[in-house]
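So the structure is just underneath, and the comments pick up after that.
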Amino acid sequence: MSLLRFGSILLLLLFGQTLGAPRSFSVDYQNDCFRRDGQEFRYISGSIHYSRIPRVYWKDRLLKMYMAGLNAIQTYIPWNYHEESPGRYNFGGDRDVEYFLKLAQDIGLVVILRPGPYICAEWDMGGLPAWLLNKKDIVLRSSDSDYIAAVDKWMGKLLPMMKPYLYQNGGPIITVQVENEYGSYFACDYNYMRHLSKLFRSHLGKEVVLFTTDGAGLNYLKCGSIQGLYATVDFGPGGNVNSEFYTGWLDHWGSGHSVVSSAKVAKSLNEMLAMGANVNLYMFIGGTNFGYWNGANTPYSSQPTSYDYDAPLTEAGDLTEKYFAIREVIQMYHKIPEGPIPPTTPKYAYGTVGMKKLQTISDALETLSFSGPVKSMYPQTFIELNQAFGYVLYRTSLPVNCSTPTPLSSPLNGVHDRAYVSVDGVAVGIFERNQAITVKVTGKAGSQVDILVENMGRINYGKDINDIKGLVSNLTLGKDVLTGWTMYSLSIDEAVSQGLLGETKPTDPPQPAALSLPAFYEGSFIIPGGIPALPQDTYIQLPKWRKGQVWINGFNLGRYWPTRGPQVTLFVPANILSTAAPNNVTVLELEEAPCSSGPCSVEFTATPILNATVQSNDKQHQHRQDMRQWDPVNWHK
Ligand SMILES: *[C@@H]1O[C@H](CO)[C@@H](O)[C@H](O)[C@H]1NC(C)=O
Ligand SMILES: *[C@@H]1O[C@H](CO)[C@@H](O)[C@H](O)[C@H]1NC(C)=O
Ligand SMILES: *[C@@H]1O[C@H](CO)[C@@H](O)[C@H](O)[C@H]1NC(C)=O
Ligand SMILES: *[C@@H]1O[C@H](CO)[C@@H](O)[C@H](O)[C@H]1NC(C)=O
């Protein structure tokens with residue numbers, strides 16, 4: 001009843017006939033098995049997403065997978081990671097998927113490729129580029145002509161690039177997935193699936209094994225599968241299916257950290273291998289949602305920066321008890337490679353780093369708004385402002401005197417997703433999608449109202465993936481619709497990496513406040529000399545900071561939100577650190593930094609904390625509890 005998206009093990013059910021040629025990979029329907037170069041082949045695979053791991057660590061992680069006894073990996077290709085604006089492709093550095101495939105092959109792993117176009121994956125918008133939403137009423141994942149045109153163009157770029165890496169052509173790719181769990185999507189558009197399978201065939205050739213994956217239930221298969229493609233089924237927890245087939249589970253801000261015991265995973269794996277099944281462990285290593293790449297689920301609940309997943313290899317690639325338990329099981333069925341397992345990489349606690357305040361967002365507007373302000377009567381969305389990720393500042397003024405607290409509201413729940421409100425430079429409240437739609441304001445007519453809106457990640461699963469960001473409906477003050485907006489797209493990442501942020505204007509020492517203006521803070525630290533093994537990986541922790549975004553040497557590590565939890569530390573890979581110059585830490589704190597009431601610092605530690613007690617307010621907490629009890633089939637991995 002439930003799906004691979006539960007981080008489960010993929011079980012391929014096979015039916016078919018044999019092909020036997022040199023360097024061939026096919027399905028033997030008669031004997032219910034795969035054949036590689038004519039020989040019966042069974043894969044024991046693990047999921048790894050290259051987009052969540054720094055390139056320098058790909059080899060280490062792949063080798064650890066190989067040493068666990070896996071003979072295959074499964075990976076997604078996130079379209080929006082490679083085509084951030086239409087026609088501008090990026091396959092360099094951390095996005096060099098060809099290099100990733102070569103490494104896998106060199107190590108001895110075959111590859112199950114899941115190129116989408118939609119991937120889900122707890123990735124922003126399920127991997128679809130936000131610019132598709134330029135067409136307001138686009139029906140994603142369907143025969144919508146604009147959608148299809150964009151897909152055709154993207155696949156016309158990607159698939160020819162993948163073709164040399166197909167097994168038949170000398171590469172590691174044994175099978176290619178078409179779409180992803182389409183059966184659970186409302187559109188149920190057969191023409192779309194037919195179009196995709198033709199498109200994949202035309203670029204990849206007729207020999208490649210194409211497959212679809214859907215939930216194990218007739219309803220899912222009905223829309224997801226199509227003639228000529230192998231229909232596979234995935235299993236997860238719940239319903240009438242074994243609930244122990246996944247290695248771990250995803251987290252959401254404000255919900256407890258998910259954990260699955262090694263014993264359960266080992267037991268399920270053993271059962272599946274005993275059945276002779278082809279197996280994929282989702283995830284074998286989860287990794288990190290660096291920057292703004294995390295997705296969200298419905299009702300709106302976004303995923304944290306860490307995608308640790310309680311997988312056999314941790315977010316930082318560390319070997320776990322689960323890793324060895326899985327290896328033990330595989331060993332009973334397959335010869336495990338000889339040789340040492342690459343060790344867990346050492347972590348270093350660089351200690352406390354003092355931070356000083358820089359400009360607030362409003363002080364730095366000139367610097368941050370590369371394209372200058374846009375004016376309009378009613379608010380425009382991120383997409384209308386040509387911005388995909390991050391933050392936009394919306395500015396207007398009070399049309400009337402508000403001598404008593406007056407409700408500033410988003411009656412249609414149109415603040416996507418969180419917004420920090422100030423009046424004449426004083427922070428007054430926070431909007432949060434589905435949680436807080438009113439902020440009380442006071443002030444004279446003409447007072448400046450600033451609303452900094454944060455995109456917390458687009459919904460990656462279900463019918464709400466057209467997830468428009470910004471102020472997506474009007475705000476009201478009392479009964480009146482607010483008008484006369486000035487909007488600033490903010491190029492914060494560029495400003496941080498180019499060191500453009502200035503110091504704060506000297507003012508009176510800040511008073512401890514419940515809330516202060518969103519502002520930048522900066523500090524630096526030097527890697528100690530005389531220790532040849534440095535730099536090493538580390539974790540950054542922001543005790544008493546509330547919510548924001550953090551960069552090291554201009555690299556966007558992701559969001560922190562220790563007041564919501566469960567994630568407390570952020571993984572800092574060694575490759576972004578420098579021994580040649582002081583390392584620069586930049587923090588954008590959105591709510592209130594501890595700097596006015598105590599030590600203004602961040603800490604680098606050697607141990608991750610991903611499972612803090614969730615400290616949300618009662619309403620929030622209740623809401624999460626309810627969500628956790630909902631049918632998990634409607635959720636996503
Ligand atoms: C706001 O109040 C001031 C006096 O405090 C008055 O002069 C002004 O006309 C009022 N403005 C509006 C728009 O009501
Ligand atoms: C805001 O209200 C105006 C007037 O009713 C309407 O024309 C406009 O479409 C609304 N804008 C949004 C984003 O809802
Ligand atoms: C940190 O910032 C300083 C001052 O801008 C610069 O000289 C230094 O190179 C930066 N460090 C790194 C590692 O980029
Ligand atoms: C968090 O995880 C650590 C390490 O697994 C464990 O020792 C600790 O008890 C956990 N804390 C909570 C609050 O669950």
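As shown in the structure tokens, the chain order sets the letters A, B, ...; within each chain, residues go from 1, and ligands are also counted from 1 in the order they appear.
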Using only C-alpha atoms, which residues sit within 10 Å of stretch 150-160 of chain A once same-chain residues fewer than 3 positions away are excluded, as a JSON list (two decimals) with all heavy atoms, in the first residue's frame?
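Okay, this is what ended up in part_38.json:
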[["chain", "number", "residue", "atom", "x", "y", "z"],
["A", 77, "ILE", "N", 18.27, 12.65, -10.75],
["A", 77, "ILE", "CA", 18.84, 13.85, -11.35],
["A", 77, "ILE", "C", 17.83, 14.99, -11.17],
["A", 77, "ILE", "O", 16.75, 14.97, -11.76],
["A", 77, "ILE", "CB", 19.15, 13.64, -12.85],
["A", 77, "ILE", "CG1", 20.23, 12.56, -12.98],
["A", 77, "ILE", "CG2", 19.58, 14.95, -13.51],
["A", 77, "ILE", "CD1", 20.66, 12.28, -14.39],
["A", 79, "TRP", "N", 16.34, 18.23, -12.03],
["A", 79, "TRP", "CA", 16.33, 19.15, -13.18],
["A", 79, "TRP", "C", 16.67, 20.57, -12.73],
["A", 79, "TRP", "O", 17.52, 21.25, -13.33],
["A", 79, "TRP", "CB", 14.95, 19.04, -13.83],
["A", 79, "TRP", "CG", 14.68, 19.92, -15.01],
["A", 79, "TRP", "CD1", 15.55, 20.76, -15.66],
["A", 79, "TRP", "CD2", 13.42, 20.04, -15.69],
["A", 79, "TRP", "NE1", 14.92, 21.39, -16.70],
["A", 79, "TRP", "CE2", 13.61, 20.96, -16.74],
["A", 79, "TRP", "CE3", 12.16, 19.45, -15.52],
["A", 79, "TRP", "CZ2", 12.56, 21.32, -17.60],
["A", 79, "TRP", "CZ3", 11.13, 19.81, -16.38],
["A", 79, "TRP", "CH2", 11.33, 20.73, -17.42],
["A", 82, "HIS", "N", 20.26, 21.65, -12.37],
["A", 82, "HIS", "CA", 21.09, 21.76, -13.57],
["A", 82, "HIS", "C", 20.61, 22.83, -14.54],
["A", 82, "HIS", "O", 21.33, 23.19, -15.46],
["A", 82, "HIS", "CB", 21.13, 20.41, -14.30],
["A", 82, "HIS", "CG", 21.80, 19.32, -13.51],
["A", 82, "HIS", "ND1", 23.16, 19.29, -13.32],
["A", 82, "HIS", "CD2", 21.31, 18.25, -12.84],
["A", 82, "HIS", "CE1", 23.48, 18.23, -12.58],
["A", 82, "HIS", "NE2", 22.37, 17.59, -12.28],
["A", 83, "GLU", "N", 19.37, 23.29, -14.39],
["A", 83, "GLU", "CA", 18.86, 24.32, -15.31],
["A", 83, "GLU", "C", 18.13, 25.37, -14.47],
["A", 83, "GLU", "O", 16.91, 25.45, -14.47],
["A", 83, "GLU", "CB", 17.93, 23.71, -16.38],
["A", 83, "GLU", "CG", 17.63, 24.66, -17.52],
["A", 83, "GLU", "CD", 16.72, 24.09, -18.62],
["A", 83, "GLU", "OE1", 16.32, 22.91, -18.54],
["A", 83, "GLU", "OE2", 16.38, 24.86, -19.55],
["A", 86, "PRO", "N", 16.00, 29.09, -17.68],
["A", 86, "PRO", "CA", 15.77, 28.34, -18.93],
["A", 86, "PRO", "C", 16.96, 28.41, -19.88],
["A", 86, "PRO", "O", 17.45, 29.50, -20.18],
["A", 86, "PRO", "CB", 14.54, 29.05, -19.54],
["A", 86, "PRO", "CG", 13.87, 29.74, -18.39],
["A", 86, "PRO", "CD", 14.95, 30.07, -17.40],
["A", 87, "GLY", "N", 17.43, 27.23, -20.28],
["A", 87, "GLY", "CA", 18.48, 27.17, -21.29],
["A", 87, "GLY", "C", 19.89, 27.38, -20.74],
["A", 87, "GLY", "O", 20.86, 27.29, -21.49],
["A", 89, "TYR", "N", 22.53, 25.75, -18.59],
["A", 89, "TYR", "CA", 22.80, 24.45, -17.97],
["A", 89, "TYR", "C", 24.05, 24.51, -17.12],
["A", 89, "TYR", "O", 25.02, 25.18, -17.47],
["A", 89, "TYR", "CB", 22.94, 23.38, -19.06],
["A", 89, "TYR", "CG", 21.72, 23.27, -19.92],
["A", 89, "TYR", "CD1", 21.71, 23.78, -21.22],
["A", 89, "TYR", "CD2", 20.55, 22.71, -19.42],
["A", 89, "TYR", "CE1", 20.57, 23.71, -22.01],
["A", 89, "TYR", "CE2", 19.41, 22.63, -20.20],
["A", 89, "TYR", "CZ", 19.42, 23.13, -21.50],
["A", 89, "TYR", "OH", 18.30, 23.07, -22.28],
["A", 115, "PRO", "N", 16.03, 9.91, -13.78],
["A", 115, "PRO", "CA", 16.20, 11.29, -14.27],
["A", 115, "PRO", "C", 14.93, 12.13, -14.27],
["A", 115, "PRO", "O", 14.96, 13.25, -14.76],
["A", 115, "PRO", "CB", 16.72, 11.08, -15.69],
["A", 115, "PRO", "CG", 16.12, 9.78, -16.12],
["A", 115, "PRO", "CD", 15.95, 8.94, -14.88],
["A", 116, "GLY", "N", 13.85, 11.62, -13.73],
["A", 116, "GLY", "CA", 12.64, 12.46, -13.67],
["A", 116, "GLY", "C", 11.83, 12.41, -14.94],
["A", 116, "GLY", "O", 11.70, 11.34, -15.50],
["A", 117, "PRO", "N", 11.33, 13.58, -15.41],
["A", 117, "PRO", "CA", 11.68, 14.95, -15.02],
["A", 117, "PRO", "C", 11.29, 15.31, -13.57],
["A", 117, "PRO", "O", 11.94, 16.15, -12.97],
["A", 117, "PRO", "CB", 10.91, 15.83, -16.01],
["A", 117, "PRO", "CG", 9.86, 14.94, -16.58],
["A", 117, "PRO", "CD", 10.36, 13.55, -16.51],
["A", 118, "TYR", "N", 10.24, 14.70, -13.06],
["A", 118, "TYR", "CA", 9.87, 14.93, -11.67],
["A", 118, "TYR", "C", 10.51, 13.83, -10.83],
["A", 118, "TYR", "O", 10.52, 12.67, -11.25],
["A", 118, "TYR", "CB", 8.33, 14.88, -11.53],
["A", 118, "TYR", "CG", 7.85, 14.75, -10.11],
["A", 118, "TYR", "CD1", 7.73, 15.86, -9.30],
["A", 118, "TYR", "CD2", 7.51, 13.50, -9.58],
["A", 118, "TYR", "CE1", 7.29, 15.73, -7.98],
["A", 118, "TYR", "CE2", 7.06, 13.37, -8.27],
["A", 118, "TYR", "CZ", 6.96, 14.49, -7.48],
["A", 118, "TYR", "OH", 6.52, 14.37, -6.19],
["A", 128, "LEU", "N", 11.50, 19.95, -10.16],
["A", 128, "LEU", "CA", 11.05, 20.76, -11.30],
["A", 128, "LEU", "C", 11.53, 22.20, -11.10],
["A", 128, "LEU", "O", 11.48, 22.72, -9.98],
["A", 128, "LEU", "CB", 9.52, 20.72, -11.43],
["A", 128, "LEU", "CG", 8.92, 19.34, -11.68],
["A", 128, "LEU", "CD1", 7.39, 19.43, -11.69],
["A", 128, "LEU", "CD2", 9.42, 18.77, -13.00],
["A", 129, "PRO", "N", 11.98, 22.85, -12.18],
["A", 129, "PRO", "CA", 12.44, 24.24, -12.02],
["A", 129, "PRO", "C", 11.27, 25.18, -11.73],
["A", 129, "PRO", "O", 10.21, 25.08, -12.37],
["A", 129, "PRO", "CB", 13.06, 24.57, -13.38],
["A", 129, "PRO", "CG", 13.18, 23.29, -14.12],
["A", 129, "PRO", "CD", 12.16, 22.36, -13.55],
["A", 132, "LEU", "N", 9.12, 27.13, -14.39],
["A", 132, "LEU", "CA", 7.95, 26.57, -15.10],
["A", 132, "LEU", "C", 6.68, 27.31, -14.68],
["A", 132, "LEU", "O", 5.70, 27.37, -15.43],
["A", 132, "LEU", "CB", 7.80, 25.08, -14.79],
["A", 132, "LEU", "CG", 8.86, 24.15, -15.39],
["A", 132, "LEU", "CD1", 8.72, 22.76, -14.78],
["A", 132, "LEU", "CD2", 8.72, 24.08, -16.91],
["A", 141, "ARG", "N", 3.60, 17.93, -14.83],
["A", 141, "ARG", "CA", 3.52, 16.47, -14.94],
["A", 141, "ARG", "C", 2.30, 16.03, -15.74],
["A", 141, "ARG", "O", 1.57, 15.12, -15.35],
["A", 141, "ARG", "CB", 3.51, 15.81, -13.55],
["A", 141, "ARG", "CG", 4.66, 16.23, -12.64],
["A", 141, "ARG", "CD", 4.59, 15.57, -11.28],
["A", 141, "ARG", "NE", 4.79, 14.13, -11.35],
["A", 141, "ARG", "CZ", 4.49, 13.29, -10.37],
["A", 141, "ARG", "NH1", 3.94, 13.74, -9.27],
["A", 141, "ARG", "NH2", 4.70, 12.00, -10.51],
["A", 145, "SER", "N", 1.15, 21.85, -22.92],
["A", 145, "SER", "CA", 2.11, 22.04, -24.01],
["A", 145, "SER", "C", 3.37, 22.77, -23.56],
["A", 145, "SER", "O", 4.47, 22.45, -24.01],
["A", 145, "SER", "CB", 1.44, 22.76, -25.18],
["A", 145, "SER", "OG", 0.91, 23.98, -24.71],
["A", 146, "ASP", "N", 3.25, 23.75, -22.68],
["A", 146, "ASP", "CA", 4.45, 24.47, -22.23],
["A", 146, "ASP", "C", 5.33, 23.58, -21.36],
["A", 146, "ASP", "O", 6.56, 23.64, -21.42],
["A", 146, "ASP", "CB", 4.07, 25.72, -21.43],
["A", 146, "ASP", "CG", 3.34, 26.71, -22.30],
["A", 146, "ASP", "OD1", 2.12, 26.52, -22.52],
["A", 146, "ASP", "OD2", 3.99, 27.64, -22.80],
["A", 147, "TYR", "N", 4.66, 22.77, -20.56],
["A", 147, "TYR", "CA", 5.42, 21.84, -19.72],
["A", 147, "TYR", "C", 6.18, 20.85, -20.60],
["A", 147, "TYR", "O", 7.39, 20.63, -20.43],
["A", 147, "TYR", "CB", 4.47, 21.11, -18.76],
["A", 147, "TYR", "CG", 5.16, 20.04, -17.94],
["A", 147, "TYR", "CD1", 6.04, 20.38, -16.93],
["A", 147, "TYR", "CD2", 4.94, 18.69, -18.21],
["A", 147, "TYR", "CE1", 6.70, 19.40, -16.19],
["A", 147, "TYR", "CE2", 5.59, 17.71, -17.48],
["A", 147, "TYR", "CZ", 6.46, 18.07, -16.47],
["A", 147, "TYR", "OH", 7.12, 17.09, -15.75],
["A", 163, "LYS", "N", 23.56, 8.86, -22.56],
["A", 163, "LYS", "CA", 23.57, 7.69, -23.45],
["A", 163, "LYS", "C", 24.89, 6.90, -23.42],
["A", 163, "LYS", "O", 24.88, 5.67, -23.31],
["A", 163, "LYS", "CB", 23.20, 8.10, -24.88],
["A", 163, "LYS", "CG", 22.94, 6.91, -25.77],
["A", 163, "LYS", "CD", 22.40, 7.31, -27.13],
["A", 163, "LYS", "CE", 22.14, 6.05, -27.95],
["A", 163, "LYS", "NZ", 21.76, 6.36, -29.32],
["A", 164, "PRO", "N", 26.03, 7.58, -23.48],
["A", 164, "PRO", "CA", 27.29, 6.81, -23.44],
["A", 164, "PRO", "C", 27.49, 6.05, -22.13],
["A", 164, "PRO", "O", 28.31, 5.14, -22.06],
["A", 164, "PRO", "CB", 28.38, 7.89, -23.58],
["A", 164, "PRO", "CG", 27.70, 9.12, -24.01],
["A", 164, "PRO", "CD", 26.26, 9.02, -23.64],
["A", 165, "TYR", "N", 26.73, 6.42, -21.10],
["A", 165, "TYR", "CA", 26.89, 5.76, -19.80],
["A", 165, "TYR", "C", 25.92, 4.59, -19.60],
["A", 165, "TYR", "O", 25.88, 4.00, -18.54],
["A", 165, "TYR", "CB", 26.73, 6.80, -18.66],
["A", 165, "TYR", "CG", 27.81, 7.85, -18.72],
["A", 165, "TYR", "CD1", 27.61, 9.04, -19.41],
["A", 165, "TYR", "CD2", 29.06, 7.60, -18.14],
["A", 165, "TYR", "CE1", 28.63, 9.98, -19.51],
["A", 165, "TYR", "CE2", 30.08, 8.54, -18.23],
["A", 165, "TYR", "CZ", 29.86, 9.72, -18.91],
["A", 165, "TYR", "OH", 30.87, 10.64, -19.02],
["A", 195, "HIS", "N", 4.20, 9.89, -23.92],
["A", 195, "HIS", "CA", 5.13, 10.84, -24.53],
["A", 195, "HIS", "C", 6.53, 10.66, -23.93],
["A", 195, "HIS", "O", 7.53, 10.61, -24.65],
["A", 195, "HIS", "CB", 4.65, 12.27, -24.31],
["A", 195, "HIS", "CG", 5.59, 13.31, -24.84],
["A", 195, "HIS", "ND1", 5.60, 13.70, -26.16],
["A", 195, "HIS", "CD2", 6.61, 13.98, -24.25],
["A", 195, "HIS", "CE1", 6.56, 14.59, -26.35],
["A", 195, "HIS", "NE2", 7.19, 14.79, -25.20],
["A", 196, "LEU", "N", 6.59, 10.56, -22.61],
["A", 196, "LEU", "CA", 7.90, 10.42, -21.96],
["A", 196, "LEU", "C", 8.60, 9.14, -22.38],
["A", 196, "LEU", "O", 9.81, 9.14, -22.65],
["A", 196, "LEU", "CB", 7.74, 10.42, -20.43],
["A", 196, "LEU", "CG", 7.52, 11.75, -19.74],
["A", 196, "LEU", "CD1", 7.52, 11.53, -18.23],
["A", 196, "LEU", "CD2", 8.57, 12.79, -20.11],
["A", 199, "LEU", "N", 9.99, 9.60, -25.73],
["A", 199, "LEU", "CA", 11.11, 10.54, -25.66],
["A", 199, "LEU", "C", 12.37, 9.85, -25.13],
["A", 199, "LEU", "O", 13.46, 9.99, -25.71],
["A", 199, "LEU", "CB", 10.72, 11.69, -24.72],
["A", 199, "LEU", "CG", 11.68, 12.85, -24.55],
["A", 199, "LEU", "CD1", 11.76, 13.67, -25.84],
["A", 199, "LEU", "CD2", 11.22, 13.76, -23.40],
["A", 200, "PHE", "N", 12.21, 9.08, -24.08],
["A", 200, "PHE", "CA", 13.36, 8.37, -23.50],
["A", 200, "PHE", "C", 13.92, 7.37, -24.50],
["A", 200, "PHE", "O", 15.12, 7.25, -24.69],
["A", 200, "PHE", "CB", 12.95, 7.65, -22.19],
["A", 200, "PHE", "CG", 12.94, 8.54, -20.97],
["A", 200, "PHE", "CD1", 12.35, 9.80, -20.99],
["A", 200, "PHE", "CD2", 13.52, 8.12, -19.78],
["A", 200, "PHE", "CE1", 12.34, 10.62, -19.86],
["A", 200, "PHE", "CE2", 13.52, 8.92, -18.64],
["A", 200, "PHE", "CZ", 12.93, 10.17, -18.67],
["A", 201, "ARG", "N", 13.01, 6.63, -25.16],
["A", 201, "ARG", "CA", 13.45, 5.65, -26.16],
["A", 201, "ARG", "C", 14.20, 6.33, -27.29],
["A", 201, "ARG", "O", 15.23, 5.85, -27.75],
["A", 201, "ARG", "CB", 12.26, 4.91, -26.76],
["A", 201, "ARG", "CG", 11.69, 3.84, -25.89],
["A", 201, "ARG", "CD", 12.12, 2.44, -26.32],
["A", 201, "ARG", "NE", 11.68, 1.50, -25.30],
["A", 201, "ARG", "CZ", 12.49, 0.93, -24.40],
["A", 201, "ARG", "NH1", 13.78, 1.16, -24.43],
["A", 201, "ARG", "NH2", 12.02, 0.12, -23.49],
["A", 202, "SER", "N", 13.67, 7.46, -27.75],
["A", 202, "SER", "CA", 14.28, 8.09, -28.92],
["A", 202, "SER", "C", 15.68, 8.57, -28.58],
["A", 202, "SER", "O", 16.56, 8.54, -29.43],
["A", 202, "SER", "CB", 13.40, 9.21, -29.47],
["A", 202, "SER", "OG", 13.44, 10.32, -28.61],
["A", 203, "HIS", "N", 15.92, 9.00, -27.35],
["A", 203, "HIS", "CA", 17.26, 9.47, -27.00],
["A", 203, "HIS", "C", 18.19, 8.35, -26.56],
["A", 203, "HIS", "O", 19.39, 8.44, -26.74],
["A", 203, "HIS", "CB", 17.19, 10.51, -25.88],
["A", 203, "HIS", "CG", 16.66, 11.84, -26.32],
["A", 203, "HIS", "ND1", 17.28, 12.60, -27.29],
["A", 203, "HIS", "CD2", 15.57, 12.54, -25.94],
["A", 203, "HIS", "CE1", 16.60, 13.71, -27.47],
["A", 203, "HIS", "NE2", 15.55, 13.70, -26.67],
["A", 204, "LEU", "N", 17.63, 7.32, -25.94],
["A", 204, "LEU", "CA", 18.49, 6.31, -25.30],
["A", 204, "LEU", "C", 18.58, 5.01, -26.09],
["A", 204, "LEU", "O", 19.42, 4.16, -25.78],
["A", 204, "LEU", "CB", 17.99, 6.01, -23.88],
["A", 204, "LEU", "CG", 18.01, 7.20, -22.92],
["A", 204, "LEU", "CD1", 17.41, 6.80, -21.56],
["A", 204, "LEU", "CD2", 19.42, 7.74, -22.72]]
Check which residues fall inside 12 Å of ligand 1 when counting only C-alpha atoms and all ligand atoms, and print them as a PyMOL selection string. chain A and resi 397-403+442-447
Protein and nucleic residues near ligand 3, 8 Å, only C-alpha atoms and all ligand atoms, as a VMD selection string: chain A and resid 499 524 553 to 554 577 to 584
All residues having an atom within 12 Å of ligand 2 (only C-alpha atoms and all ligand atoms) as number ranges by chain: A: 376-382, 384, 410-415, 468-476, 480-485
Among stretch 263-456 of chain A, which residues does DSSP mark as strand (DSSP E or B) when it is run on the backbone? Keep the chain and numbering as in the structure and answer as a VMD selection string. chain A and resid 279 to 285 288 294 296 to 297 301 to 302 306 313 319 347 351 to 354 356 to 360 374 to 376 381 391 to 397 402 to 409 415 to 416 418 to 423 426 to 432 436 438 to 443 448 to 454
Distance limit 6 Å, reference ligand 4, atoms considered: only C-alpha atoms and all ligand atoms. Which residues make the cut? Give them as a ChimeraX atom specification. /A:611-613
For those residues, write N, CA, C and O atoms to a file as a PDB file, in the first residue's frame.
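Wrote part.pdb, looks like this:
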ATOM      1  N   ASN A 611      18.450  15.492  16.784  1.00  0.00           N
ATOM      2  CA  ASN A 611      17.266  14.936  17.445  1.00  0.00           C
ATOM      3  C   ASN A 611      16.877  15.704  18.695  1.00  0.00           C
ATOM      4  O   ASN A 611      16.450  15.115  19.666  1.00  0.00           O
ATOM      5  N   ALA A 612      17.073  17.038  18.665  1.00  0.00           N
ATOM      6  CA  ALA A 612      16.720  17.804  19.864  1.00  0.00           C
ATOM      7  C   ALA A 612      15.225  17.675  20.131  1.00  0.00           C
ATOM      8  O   ALA A 612      14.436  17.441  19.214  1.00  0.00           O
ATOM      9  N   THR A 613      14.871  17.860  21.376  1.00  0.00           N
ATOM     10  CA  THR A 613      13.464  17.884  21.744  1.00  0.00           C
ATOM     11  C   THR A 613      12.821  19.040  21.002  1.00  0.00           C
ATOM     12  O   THR A 613      13.366  20.135  20.958  1.00  0.00           O
TER      13      THR A 613
END
Identify all residues of stretch 212-457 of chain A in alpha helix (DSSP H) (DSSP on the backbone) and supply them as a PyMOL selection string. chain A and resi 218-224+262-274+321-331+365-368
Which residues come within 6 Å of stretch 349-353 of chain A, counting only C-alpha atoms, excluding same-chain residues fewer than 6 positions away, as a list in words? Ser601, Val602, Glu603, Phe604, Thr605 and Ala606 of chain A
Choose the residue, out of A:Ile609, A:Ala574, A:Leu229, A:Ala68, that has the smallest atom-to-atom separation from A:Phe324; count only C-alpha atoms. A:Ala68
Neighbouring residues of stretch 281-288 of chain A were defined as those with any atom within 7 Å, considering only C-alpha atoms; residues of the same chain fewer than 2 positions away were excluded. Please report them as a VMD selection string. chain A and resid 7 to 9 45 to 48 52 to 53 246 to 247 279 290 305 to 309 311 to 317
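Interatomic distance, atom CA of A:Cys223 against atom CA of A:Gly126: 18.7 Å.
Taking atom CA of A:Leu133 and atom CA of A:Val97 as endpoints, the distance between them is 25.8 Å.
Closest approach to A:Ala104 among A:Tyr192, A:Tyr76, A:Tyr292, A:Tyr50: A:Tyr50, based on only C-alpha atoms.
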Hey, what's within 8 Å of A:Gly69 if we count only C-alpha atoms and toss same-chain stuff fewer than 4 positions away? As number ranges by chain, please? A: 44, 65, 327, 330-331, 334-337
What would the file look like if the residues just selected were written as a PDB file, in the first residue's frame with N, CA and C atoms?
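So the final result, stored in selection_19.pdb, reads:
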ATOM      1  N   ILE A  44      21.677  -5.424  -5.473  1.00  0.00           N
ATOM      2  CA  ILE A  44      21.453  -4.979  -4.101  1.00  0.00           C
ATOM      3  C   ILE A  44      21.984  -3.553  -4.091  1.00  0.00           C
ATOM      4  N   MET A  65      29.776   2.292   0.082  1.00  0.00           N
ATOM      5  CA  MET A  65      28.609   1.527  -0.363  1.00  0.00           C
ATOM      6  C   MET A  65      29.061   0.198  -0.969  1.00  0.00           C
ATOM      7  N   ARG A 327      25.642  -4.973   6.177  1.00  0.00           N
ATOM      8  CA  ARG A 327      26.771  -5.707   5.588  1.00  0.00           C
ATOM      9  C   ARG A 327      26.745  -7.183   6.006  1.00  0.00           C
ATOM     10  N   ILE A 330      24.034  -8.903   3.928  1.00  0.00           N
ATOM     11  CA  ILE A 330      24.409  -9.094   2.523  1.00  0.00           C
ATOM     12  C   ILE A 330      25.440 -10.220   2.404  1.00  0.00           C
ATOM     13  N   GLN A 331      26.335 -10.269   3.367  1.00  0.00           N
ATOM     14  CA  GLN A 331      27.386 -11.282   3.413  1.00  0.00           C
ATOM     15  C   GLN A 331      26.844 -12.712   3.362  1.00  0.00           C
ATOM     16  N   HIS A 334      26.028 -12.845  -0.641  1.00  0.00           N
ATOM     17  CA  HIS A 334      26.987 -12.405  -1.652  1.00  0.00           C
ATOM     18  C   HIS A 334      28.366 -12.360  -1.048  1.00  0.00           C
ATOM     19  N   LYS A 335      29.358 -12.557  -1.906  1.00  0.00           N
ATOM     20  CA  LYS A 335      30.729 -12.367  -1.421  1.00  0.00           C
ATOM     21  C   LYS A 335      30.962 -10.862  -1.249  1.00  0.00           C
ATOM     22  N   ILE A 336      31.454 -10.480  -0.085  1.00  0.00           N
ATOM     23  CA  ILE A 336      31.720  -9.066   0.198  1.00  0.00           C
ATOM     24  C   ILE A 336      33.131  -8.742  -0.287  1.00  0.00           C
ATOM     25  N   PRO A 337      33.333  -7.559  -0.884  1.00  0.00           N
ATOM     26  CA  PRO A 337      34.680  -7.252  -1.381  1.00  0.00           C
ATOM     27  C   PRO A 337      35.726  -7.295  -0.269  1.00  0.00           C
TER      28      PRO A 337
END
Within 12 Å of stretch 359-363 of chain A, counting only C-alpha atoms, which residues show up once you throw out same-chain ones fewer than 5 positions away? Write them as an MDAnalysis selection string, please. chainID A and resid 368:369 391:395 420:427 448:453 487:492 495:496 500:507 516:522 586:593
